[in-house]
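Visitor: Coordinates in protein08.txt, compact mmCIF, C-alpha atoms and all ligand atoms, are listed below.
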```txt
# COMPACT_ATOMS: atom_id res chain seq x y z
CA MET A 198 136.98 114.26 84.57
CA GLY A 199 137.17 113.36 88.19
CA GLN A 200 136.41 109.68 87.81
CA ASP A 201 140.04 108.52 88.04
CA GLY A 202 141.06 110.54 91.06
CA SER A 203 143.13 112.97 89.00
CA ALA A 204 140.58 115.77 89.22
CA ARG A 205 137.80 116.62 91.60
CA HIS A 206 134.72 114.51 91.23
CA PRO A 207 131.91 116.63 89.71
CA GLU A 208 129.58 115.67 92.58
CA HIS A 209 131.68 117.98 94.80
CA GLN A 210 129.94 120.89 93.07
CA TYR A 211 126.74 119.72 94.76
CA LEU A 212 128.33 118.89 98.11
CA ASP A 213 130.08 122.28 98.18
CA LEU A 214 126.81 124.07 97.47
CA VAL A 215 124.98 122.19 100.22
CA ARG A 216 127.78 123.05 102.68
CA ARG A 217 127.76 126.69 101.65
CA VAL A 218 123.97 126.94 101.89
CA TRP A 219 124.04 125.41 105.36
CA GLU A 220 126.90 127.56 106.62
CA GLU A 221 126.27 130.88 104.87
CA GLY A 222 122.62 130.76 103.77
CA SER A 223 120.07 133.08 105.27
CA THR A 224 117.53 131.36 107.48
CA ARG A 225 114.01 132.01 106.27
CA ILE A 226 110.44 131.04 106.85
CA ASP A 227 109.26 129.56 103.57
CA ARG A 228 105.85 128.81 102.07
CA THR A 229 105.70 125.36 103.67
CA GLY A 230 106.41 126.65 107.18
CA VAL A 231 109.30 124.18 107.61
CA GLY A 232 112.01 126.83 107.22
CA THR A 233 115.10 126.77 105.02
CA ARG A 234 118.56 128.15 104.66
CA ALA A 235 118.96 129.65 101.21
CA LEU A 236 121.50 131.15 98.83
CA PHE A 237 120.61 132.87 95.58
CA GLY A 238 122.33 131.88 92.33
CA ALA A 239 124.50 128.81 91.74
CA THR A 240 125.84 126.94 88.73
CA MET A 241 127.02 123.37 88.21
CA ARG A 242 128.34 121.75 85.05
CA PHE A 243 128.35 118.05 84.20
CA ASP A 244 130.11 116.48 81.23
CA LEU A 245 127.83 113.82 79.72
CA SER A 246 129.93 113.19 76.63
CA ASP A 247 131.07 109.69 77.60
CA GLY A 248 127.54 108.54 78.40
CA THR A 249 127.72 109.66 82.01
CA VAL A 250 124.56 110.52 83.86
CA PRO A 251 124.87 112.61 87.04
CA LEU A 252 123.11 110.43 89.57
CA LEU A 253 124.31 111.43 93.04
CA THR A 254 126.41 108.71 94.66
CA THR A 255 126.71 110.10 98.20
CA LYS A 256 123.22 108.70 98.80
CA ARG A 257 121.14 106.24 96.81
CA VAL A 258 118.85 108.16 94.47
CA PHE A 259 115.71 106.32 93.45
CA TRP A 260 116.19 106.92 89.77
CA LYS A 261 113.33 104.67 88.65
CA PRO A 262 110.58 106.97 89.98
CA ALA A 263 112.56 109.90 88.57
CA LEU A 264 112.68 108.30 85.11
CA ARG A 265 108.97 107.53 85.32
CA GLU A 266 108.31 111.15 86.24
CA LEU A 267 110.24 112.35 83.18
CA LEU A 268 108.30 110.01 80.87
CA TRP A 269 105.09 111.22 82.53
CA PHE A 270 106.04 114.85 81.79
CA LEU A 271 106.73 113.92 78.17
CA SER A 272 103.35 112.21 77.91
CA GLY A 273 101.70 115.57 78.63
CA SER A 274 99.75 114.26 81.62
CA ARG A 275 98.64 116.51 84.48
CA ASN A 276 97.06 113.79 86.60
CA ILE A 277 98.89 111.71 89.23
CA ARG A 278 97.01 108.56 88.20
CA PRO A 279 99.59 107.15 85.74
CA LEU A 280 102.35 107.80 88.28
CA VAL A 281 100.49 106.14 91.12
CA ALA A 282 99.63 103.20 88.88
CA ASP A 283 103.40 102.79 88.30
CA GLY A 284 104.12 102.92 92.04
CA VAL A 285 105.43 106.51 92.03
CA HIS A 286 104.31 108.42 95.09
CA ILE A 287 106.27 111.68 94.82
CA TRP A 288 103.32 113.82 93.67
CA THR A 289 100.60 112.32 95.89
CA ASP A 290 101.05 114.67 98.87
CA TRP A 291 99.69 117.75 97.09
CA PRO A 292 96.33 116.37 95.85
CA LEU A 293 96.03 114.47 99.13
CA ALA A 294 96.41 117.66 101.18
CA LYS A 295 93.81 119.37 98.99
CA TYR A 296 91.38 116.45 99.37
CA ARG A 297 91.76 116.36 103.15
CA GLN A 298 91.34 120.10 103.38
CA GLN A 299 88.27 120.31 101.14
CA THR A 300 86.42 117.22 102.45
CA GLY A 301 87.61 117.13 106.05
CA GLU A 302 88.11 113.38 105.59
CA ALA A 303 91.21 111.97 107.35
CA ILE A 304 91.99 109.52 104.54
CA SER A 305 95.37 107.74 104.57
CA ALA A 306 97.77 108.22 101.65
CA GLU A 307 97.40 104.50 100.80
CA ASP A 308 93.60 104.66 100.63
CA PHE A 309 93.73 107.88 98.64
CA GLU A 310 96.09 106.31 96.09
CA LEU A 311 93.90 103.20 95.90
CA ARG A 312 90.89 105.33 95.03
CA ILE A 313 92.94 107.24 92.45
CA ILE A 314 93.80 103.97 90.71
CA THR A 315 90.42 102.25 90.95
CA ASP A 316 87.88 105.05 90.58
CA ASP A 317 87.90 106.97 87.26
CA ALA A 318 85.71 109.83 88.43
CA PHE A 319 87.65 110.19 91.67
CA ALA A 320 90.96 110.30 89.77
CA GLU A 321 89.65 112.92 87.41
CA ARG A 322 88.33 115.10 90.23
CA TRP A 323 91.12 114.68 92.80
CA GLY A 324 94.20 113.45 90.92
CA ASP A 325 94.48 116.49 88.70
CA LEU A 326 97.41 118.81 89.43
CA GLY A 327 96.30 121.55 87.09
CA PRO A 328 98.29 122.57 83.99
CA VAL A 329 101.71 121.62 85.41
CA TYR A 330 104.89 120.64 83.58
CA GLY A 331 103.64 118.09 81.04
CA ALA A 332 100.58 120.16 80.15
CA GLN A 333 102.75 123.17 79.31
CA TRP A 334 105.51 121.19 77.62
CA ARG A 335 103.12 119.42 75.25
CA ASN A 336 100.04 121.60 75.11
CA TRP A 337 100.74 125.26 75.97
CA PRO A 338 97.34 126.83 75.31
CA ARG A 339 96.78 128.70 72.10
CA TYR A 340 93.95 131.21 71.66
CA THR A 341 92.53 132.81 68.53
CA PRO A 342 90.55 136.03 68.44
CA THR A 343 86.91 135.87 67.38
CA PRO A 344 85.09 138.68 65.51
CA ASP A 345 83.24 139.71 68.66
CA GLY A 346 86.48 140.61 70.39
CA GLN A 347 86.62 137.43 72.47
CA PHE A 348 89.09 134.53 72.24
CA THR A 349 88.54 130.83 71.78
CA ARG A 350 90.94 128.17 72.96
CA GLU A 351 92.27 126.03 70.13
CA PRO A 352 91.79 122.26 70.56
CA HIS A 353 95.56 121.75 70.26
CA GLY A 354 98.07 123.96 72.00
CA HIS A 355 101.78 124.42 71.27
CA ASP A 356 103.77 121.20 71.56
CA GLN A 357 107.04 122.73 72.73
CA ILE A 358 108.90 119.42 72.72
CA SER A 359 107.97 118.55 69.12
CA THR A 360 109.00 122.04 68.09
CA LEU A 361 112.30 121.69 69.93
CA VAL A 362 113.13 118.37 68.24
CA HIS A 363 112.26 119.84 64.87
CA GLN A 364 114.33 122.97 65.47
CA LEU A 365 117.32 120.98 66.75
CA GLN A 366 117.28 119.03 63.51
CA SER A 367 116.59 121.85 61.08
CA ASN A 368 118.20 124.85 62.77
CA PRO A 369 120.77 123.62 65.30
CA HIS A 370 122.55 126.97 65.66
CA SER A 371 119.36 128.70 66.67
CA ARG A 372 119.47 130.72 69.88
CA ARG A 373 115.81 129.94 70.47
CA LEU A 374 116.06 126.25 71.33
CA ILE A 375 113.97 126.68 74.45
CA PHE A 376 111.00 125.20 76.22
CA SER A 377 109.43 126.39 79.43
CA GLY A 378 106.81 125.42 81.96
CA TRP A 379 106.36 128.94 83.33
CA ASN A 380 103.03 129.91 81.86
CA VAL A 381 102.29 133.12 83.75
CA ALA A 382 98.59 133.11 82.89
CA GLU A 383 98.07 129.63 84.38
CA ILE A 384 100.29 129.66 87.47
CA ASP A 385 97.30 130.09 89.76
CA GLN A 386 95.72 126.87 88.44
CA MET A 387 98.79 124.72 89.17
CA ALA A 388 99.23 122.57 92.30
CA LEU A 389 102.81 123.93 92.32
CA PRO A 390 104.34 126.38 89.86
CA PRO A 391 107.24 124.78 87.97
CA CYS A 392 110.61 124.72 89.74
CA HIS A 393 112.72 123.37 86.84
CA MET A 394 111.17 125.90 84.55
CA THR A 395 113.29 126.70 81.50
CA TYR A 396 115.45 124.47 79.33
CA GLN A 397 117.70 125.83 76.60
CA TYR A 398 119.87 123.87 74.18
CA PHE A 399 123.06 124.52 72.23
CA VAL A 400 124.61 122.47 69.45
CA GLU A 401 128.31 122.51 68.66
CA ASP A 402 129.80 120.00 66.22
CA LYS A 403 126.91 117.59 66.78
CA ARG A 404 127.33 117.88 70.55
CA LEU A 405 124.15 118.80 72.35
CA SER A 406 124.30 120.79 75.60
CA CYS A 407 121.57 122.07 77.88
CA ILE A 408 121.13 124.78 80.46
CA LEU A 409 118.36 124.21 82.97
CA TYR A 410 117.16 127.24 84.90
CA GLN A 411 115.60 126.21 88.20
CA ARG A 412 113.91 129.01 90.14
CA SER A 413 113.63 127.07 93.41
CA CYS A 414 115.64 124.03 94.46
CA ASP A 415 115.19 121.69 97.40
CA LEU A 416 118.79 120.51 97.60
CA GLY A 417 117.93 117.53 99.79
CA LEU A 418 115.20 115.95 97.64
CA GLY A 419 114.43 117.77 94.41
CA PHE A 420 117.93 118.39 93.09
CA ALA A 421 118.90 114.72 92.71
CA PHE A 422 115.78 114.09 90.65
CA ASN A 423 115.99 117.30 88.64
CA ILE A 424 119.61 116.95 87.49
CA PHE A 425 119.10 113.27 86.62
CA GLU A 426 115.92 113.90 84.63
CA ALA A 427 117.32 116.88 82.75
CA SER A 428 120.38 114.80 81.85
CA VAL A 429 118.32 111.81 80.70
CA LEU A 430 116.27 114.18 78.56
CA LEU A 431 119.47 115.56 77.05
CA HIS A 432 120.61 112.01 76.22
CA MET A 433 117.19 111.27 74.67
CA LEU A 434 117.17 114.43 72.56
CA ALA A 435 120.72 113.76 71.37
CA LYS A 436 119.80 110.23 70.34
CA GLN A 437 116.61 111.36 68.68
CA CYS A 438 118.43 114.08 66.69
CA LYS A 439 121.45 111.90 65.83
CA MET A 440 123.73 114.04 67.97
CA LEU A 441 126.12 113.30 70.81
CA PRO A 442 125.61 114.33 74.43
CA GLY A 443 127.64 117.36 75.51
CA GLU A 444 127.35 119.28 78.74
CA MET A 445 124.53 119.62 81.25
CA VAL A 446 124.64 123.02 82.93
CA TRP A 447 122.41 123.65 85.92
CA MET A 448 121.54 127.12 87.19
CA GLY A 449 119.68 127.41 90.45
CA ALA A 450 118.15 130.62 91.78
CA ASP A 451 116.74 130.06 95.32
CA CYS A 452 118.93 127.13 96.39
CA HIS A 453 117.81 125.91 99.78
CA ALA A 454 118.14 123.19 102.36
CA TYR A 455 115.15 122.56 104.61
CA LEU A 456 115.95 122.87 108.29
CA ASN A 457 114.69 119.31 108.93
CA HIS A 458 117.20 117.92 106.38
CA GLU A 459 120.20 118.10 108.68
CA ALA A 460 121.10 114.49 107.72
CA LEU A 461 122.42 116.05 104.52
CA ILE A 462 125.10 117.62 106.63
CA THR A 463 125.63 115.05 109.31
CA THR A 464 125.68 112.06 106.96
CA GLN A 465 125.83 112.87 103.26
CA LEU A 466 128.58 115.49 103.38
CA GLN A 467 130.88 113.06 105.21
CA ARG A 468 130.84 110.63 102.28
CA ASP A 469 133.21 110.43 99.30
CA PRO A 470 131.61 110.44 95.86
CA ARG A 471 131.97 107.33 93.72
CA PRO A 472 132.09 107.24 89.91
CA PHE A 473 128.89 108.38 88.21
CA PRO A 474 127.03 105.65 86.31
CA LYS A 475 126.47 105.52 82.57
CA LEU A 476 123.12 105.69 80.84
CA HIS A 477 122.30 103.34 77.98
CA ILE A 478 119.24 103.86 75.85
CA THR A 479 118.70 100.57 74.13
CA ARG A 480 116.28 101.60 71.40
CA THR A 481 115.67 104.62 69.17
CA PRO A 482 111.95 104.87 68.54
CA ASP A 483 110.53 106.99 65.72
CA SER A 484 109.54 109.76 68.07
CA ILE A 485 110.76 111.15 71.39
CA PHE A 486 107.33 110.36 72.82
CA GLU A 487 107.59 106.61 72.27
CA TYR A 488 110.35 105.80 74.74
CA LYS A 489 109.40 103.23 77.36
CA PHE A 490 110.75 102.76 80.86
CA ASP A 491 112.49 99.53 79.84
CA ASP A 492 114.49 101.29 77.12
CA PHE A 493 116.77 102.78 79.80
CA VAL A 494 119.64 101.05 81.58
CA VAL A 495 121.71 102.69 84.30
CA GLU A 496 125.04 100.89 84.47
CA GLY A 497 127.61 100.96 87.24
CA TYR A 498 125.59 102.73 89.93
CA ASP A 499 127.17 101.94 93.30
CA PRO A 500 125.93 104.62 95.69
CA HIS A 501 126.23 105.05 99.44
CA PRO A 502 123.05 104.03 101.30
CA ALA A 503 119.80 105.97 100.93
CA ILE A 504 119.04 108.82 103.33
CA LYS A 505 115.38 109.29 104.16
CA LEU A 506 114.35 112.94 104.25
CA PRO A 507 110.89 114.41 104.94
CA VAL A 508 109.25 116.32 102.07
CA ALA A 509 107.92 119.80 102.77
CA VAL A 510 104.39 120.10 101.31
N1 LIG B 601 109.53 120.33 99.08
C1 LIG B 601 109.50 119.79 97.87
N2 LIG B 601 110.64 119.25 97.36
C2 LIG B 601 110.64 118.70 96.11
O1 LIG B 601 111.70 118.23 95.68
C3 LIG B 601 109.43 118.70 95.36
C4 LIG B 601 108.28 119.26 95.91
N3 LIG B 601 108.34 119.79 97.16
N4 LIG B 601 107.10 119.28 95.24
C5 LIG B 601 106.99 118.81 93.88
C6 LIG B 601 108.02 117.84 93.51
C7 LIG B 601 107.87 116.43 93.99
N5 LIG B 601 109.25 116.03 94.06
C8 LIG B 601 109.71 115.04 94.93
C9 LIG B 601 108.93 114.67 96.00
C10 LIG B 601 109.38 113.68 96.86
C11 LIG B 601 110.59 113.07 96.64
C12 LIG B 601 111.03 111.96 97.55
O2 LIG B 601 110.40 111.71 98.55
N6 LIG B 601 112.09 111.26 97.24
C13 LIG B 601 112.63 110.21 98.09
C14 LIG B 601 112.09 108.85 97.78
C15 LIG B 601 111.52 108.63 96.43
C16 LIG B 601 110.77 107.30 96.31
O3 LIG B 601 111.39 106.23 96.42
O4 LIG B 601 109.57 107.31 96.09
C17 LIG B 601 114.15 110.23 97.99
O5 LIG B 601 114.79 109.70 98.91
O6 LIG B 601 114.67 110.75 97.00
C18 LIG B 601 111.38 113.46 95.54
C19 LIG B 601 110.92 114.45 94.70
C20 LIG B 601 110.12 117.09 93.65
N7 LIG B 601 109.34 118.19 94.04
O1 LIG B 602 111.19 119.62 90.66
C1 LIG B 602 111.15 120.20 91.75
C2 LIG B 602 109.95 120.58 92.31
C3 LIG B 602 109.97 121.20 93.50
N1 LIG B 602 111.13 121.46 94.13
C4 LIG B 602 111.07 122.11 95.46
C5 LIG B 602 111.61 123.50 95.60
C6 LIG B 602 110.82 124.02 96.81
O2 LIG B 602 111.41 123.49 97.99
C7 LIG B 602 109.45 123.39 96.61
C8 LIG B 602 108.51 124.27 95.81
O3 LIG B 602 108.10 125.35 96.60
P1 LIG B 602 107.93 126.83 96.00
O4 LIG B 602 107.43 127.62 97.17
O5 LIG B 602 106.95 126.77 94.88
O6 LIG B 602 109.29 127.28 95.53
O7 LIG B 602 109.71 122.21 95.87
C9 LIG B 602 112.33 121.08 93.59
O8 LIG B 602 113.41 121.29 94.16
N2 LIG B 602 112.30 120.47 92.40
```
Could I get this file's structure written as structure tokens?
Ligand SMILES: Nc1nc(=O)c2c([nH]1)NC[C@@H]1CN(c3ccc(C(=O)N[C@@H](CCC(=O)O)C(=O)O)cc3)CN21
Ligand SMILES: O=c1ccn([C@H]2C[C@H](O)[C@@H](COP(=O)(O)O)O2)c(=O)[nH]1
Guide:
Amino acid sequence: MGQDGSARHPEHQYLDLVRRVWEEGSTRIDRTGVGTRALFGATMRFDLSDGTVPLLTTKRVFWKPALRELLWFLSGSRNIRPLVADGVHIWTDWPLAKYRQQTGEAISAEDFELRIITDDAFAERWGDLGPVYGAQWRNWPRYTPTPDGQFTREPHGHDQISTLVHQLQSNPHSRRLIFSGWNVAEIDQMALPPCHMTYQYFVEDKRLSCILYQRSCDLGLGFAFNIFEASVLLHMLAKQCKMLPGEMVWMGADCHAYLNHEALITTQLQRDPRPFPKLHITRTPDSIFEYKFDDFVVEGYDPHPAIKLPVAV
């Protein structure tokens, strides 16, 4: 739908939301101090059935770091080191701010990343984000009671992704095809509590659909990554479970635009969307955890130029 000019391009759902947030959103001081305009509660739907992947076209989205981030989540890692080693910088600001604050050292981001890559002990101490996404997806802690009324932590937690794959295959009509990063008991240990926090799946005639619930959405930066990654994951799960991709439904709660992202309005909203690209996954490994970056091809991506936006830390 929308790719041949006969219907509205699905990217207008995003552009309309950005416009509405900017025009009607309430202006608020947020945690970062930058300030946002925000609306509460929005839905978008994207049809992935013909291999489409919703990669915004009204600006160039750097999908390679996004794909690397998704594979990093699936690996269960909670340390920025593997990302930095792959040239992905999107998570560096948080550990960097913590390092500067706790040591008083005015280290540059480049030098900090260099130490993360070259110094094992430094990476372990300062590159850790706490039990964020990947840690919860793959290793949600499990405790067993001991006779003295205490609890011990099991060496292996719940692997929510393995369970999901197994359930999709064995019980596709289940209403419990869910995984979540929102581990209430561990929120205070995380560099940032999860934003894209709950994923639920639905199977109809071998077609796999997903709803992502996102509690907090930075429409200028985060959204483009989040909708792409959730859609790639849907394609991967479908392939892994011998199903076909269906629909990607996105539900955002606090949908906001940062006040220093006005280029969204002055530049991006003036542009006409172009056809979404297609995603090809060239290999089906034995397990969902064995996909490699080079197994993914994005075909036919012809976006408008990139728009540089500052990230609120
Ligand atoms: N304020 C804020 N917005 C976010 O989207 C966000 C956070 N914080 N904190 C945690 C993660 C990190 N994420 C990020 C952080 C930075 C970019 C970013 O700077 N993207 C640029 C360039 C990416 C690159 O080439 O490295 C972009 O133009 O999309 C994207 C997602 C998403 N999340
Ligand atoms: O995947 C992500 C991660 C983060 N964000 C945005 C949403 C907010 O602007 C900040 C997080 O701040 P909170 O105060 O914890 O809500 O990061 C995103 O859009 N997508």
Visitor: Which protein, DNA or RNA residues have an atom within 9 Å of ligand LIG 601 (chain B), counting only C-alpha atoms and all ligand atoms, as JSON, numbers by chain?
Guide: {"A": [229, 256, 257, 258, 259, 260, 261, 262, 263, 284, 285, 286, 287, 288, 289, 290, 291, 388, 389, 390, 391, 392, 414, 415, 416, 417, 418, 419, 420, 421, 422, 423, 455, 503, 504, 505, 506, 507, 508, 509, 510]}
Visitor: Considering all atoms listed in the file, state which residue in the set A:Ile384, A:Leu431, A:Ile485, A:Ala320 is at the smallest distance from ligand LIG 602 (chain B).
Guide: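 Result for the nearest residue to ligand LIG 602 (chain B): A:Ile384.
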Visitor: In file coordinates, which residues lie within 12 Å of (107.7, 129.2, 103.1) using only C-alpha atoms, given as a list in words?
Guide: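 Output of the proximity query reads Thr224, Arg225, Ile226, Asp227, Arg228, Thr229, Gly230, Val231, Gly232, Thr233, Arg234, Ala235, Ser413, Asp451, His453, Tyr455, Leu456, Ala509 and Val510 of chain A.
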Visitor: I'd like the contact shell of A:Pro442 - 8 Å cut-off, only C-alpha atoms, skipping same-chain residues fewer than 6 positions apart - returned as a list of chain:residue names.
Guide: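 Residues near the query, excluding close chain neighbours: A:Leu245, A:Ser246, A:Asp247, A:Gly248, A:Arg404, A:Leu405, A:Ser406, A:Leu431, A:His432, A:Ala435.
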Visitor: Please enclose the listed atoms of ligand LIG 602 (chain B) in an axis-aligned box, pad each side by 3 Å, and write out the centre and the three edge lengths in Å, rounded to one decimal, as JSON.
Guide:
```
{"center_x": 110.2, "center_y": 123.6, "center_z": 94.3, "size_x": 12.5, "size_y": 14.0, "size_z": 13.3}
```
Visitor: Would you work out the distance separating atom CA of A:Val494 from atom O1 of ligand LIG 602 (chain B), expressed in Å to one decimal?
Guide: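 Those two atoms sit 22.3 Å apart.
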Visitor: When distances are computed from all atoms listed in the file, which of A:Pro338, A:Pro352, A:Pro482, A:Gly324 shows the smallest separation from A:Leu311?
Guide: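 Selected residue with least distance to A:Leu311: A:Gly324.
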Visitor: So, with all atoms listed in the file as the atoms that count, which of A:Ala204, A:Leu409, A:Val250, A:Ile277 lies closest to ligand LIG 602 (chain B)?
Guide: A:Leu409
Visitor: Using only C-alpha atoms and all ligand atoms, which of the listed residues (A:His477, A:Lys439, A:His501, A:Arg412) sits closest to ligand LIG 602 (chain B)?
Guide: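 Closest candidate: A:Arg412.
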Visitor: Which neighbours of A:Leu434 fall inside 12 Å, counting all atoms listed in the file, when residues of the same chain fewer than 4 positions from it are skipped, and could you give them as a ChimeraX atom specification?
Guide: /A:271,358-359,361-366,374,398-400,403-407,427-430,438-443,478,481-482,484-486,488
Visitor: Which residues are near stretch 473-475 of chain A? Cut-off 6 Å, all atoms listed in the file, ignore same chain within fewer than 3 positions. Put them as a list in words.
Guide: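 The neighbour list is Gly248, Thr249, Val250, Pro251, Val495, Glu496, Gly497 and Tyr498 of chain A.
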Visitor: Between atom CA of A:Arg471 and atom CA of A:Gln210, measure the distance and give it in Å to one decimal.
Guide: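 Going from atom CA of A:Arg471 over to atom CA of A:Gln210 covers 13.7 Å.
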Visitor: Mind checking which residues fall within 10 Å of A:Ile408, counting all atoms listed in the file, ignoring those fewer than 6 positions away in the same chain, and posting them as number ranges by chain?
Guide: A: 240-242, 375, 395-399, 427, 431, 444-448
Visitor: Give the answer as one residue: which of A:Asp356, A:Asp325, A:Glu266, A:Asp402 has the shortest atom-to-atom distance to ligand LIG 602 (chain B), using all atoms listed in the file?
Guide: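 The shortest atom-to-atom distance to ligand LIG 602 (chain B) comes from A:Glu266.
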Visitor: Just want the 8 Å neighbourhood of A:Met387, counted on only C-alpha atoms, with same-chain residues fewer than 3 positions away dropped. Output as a PyMOL selection string.
Guide: chain A and resi 326-329+383-384+390
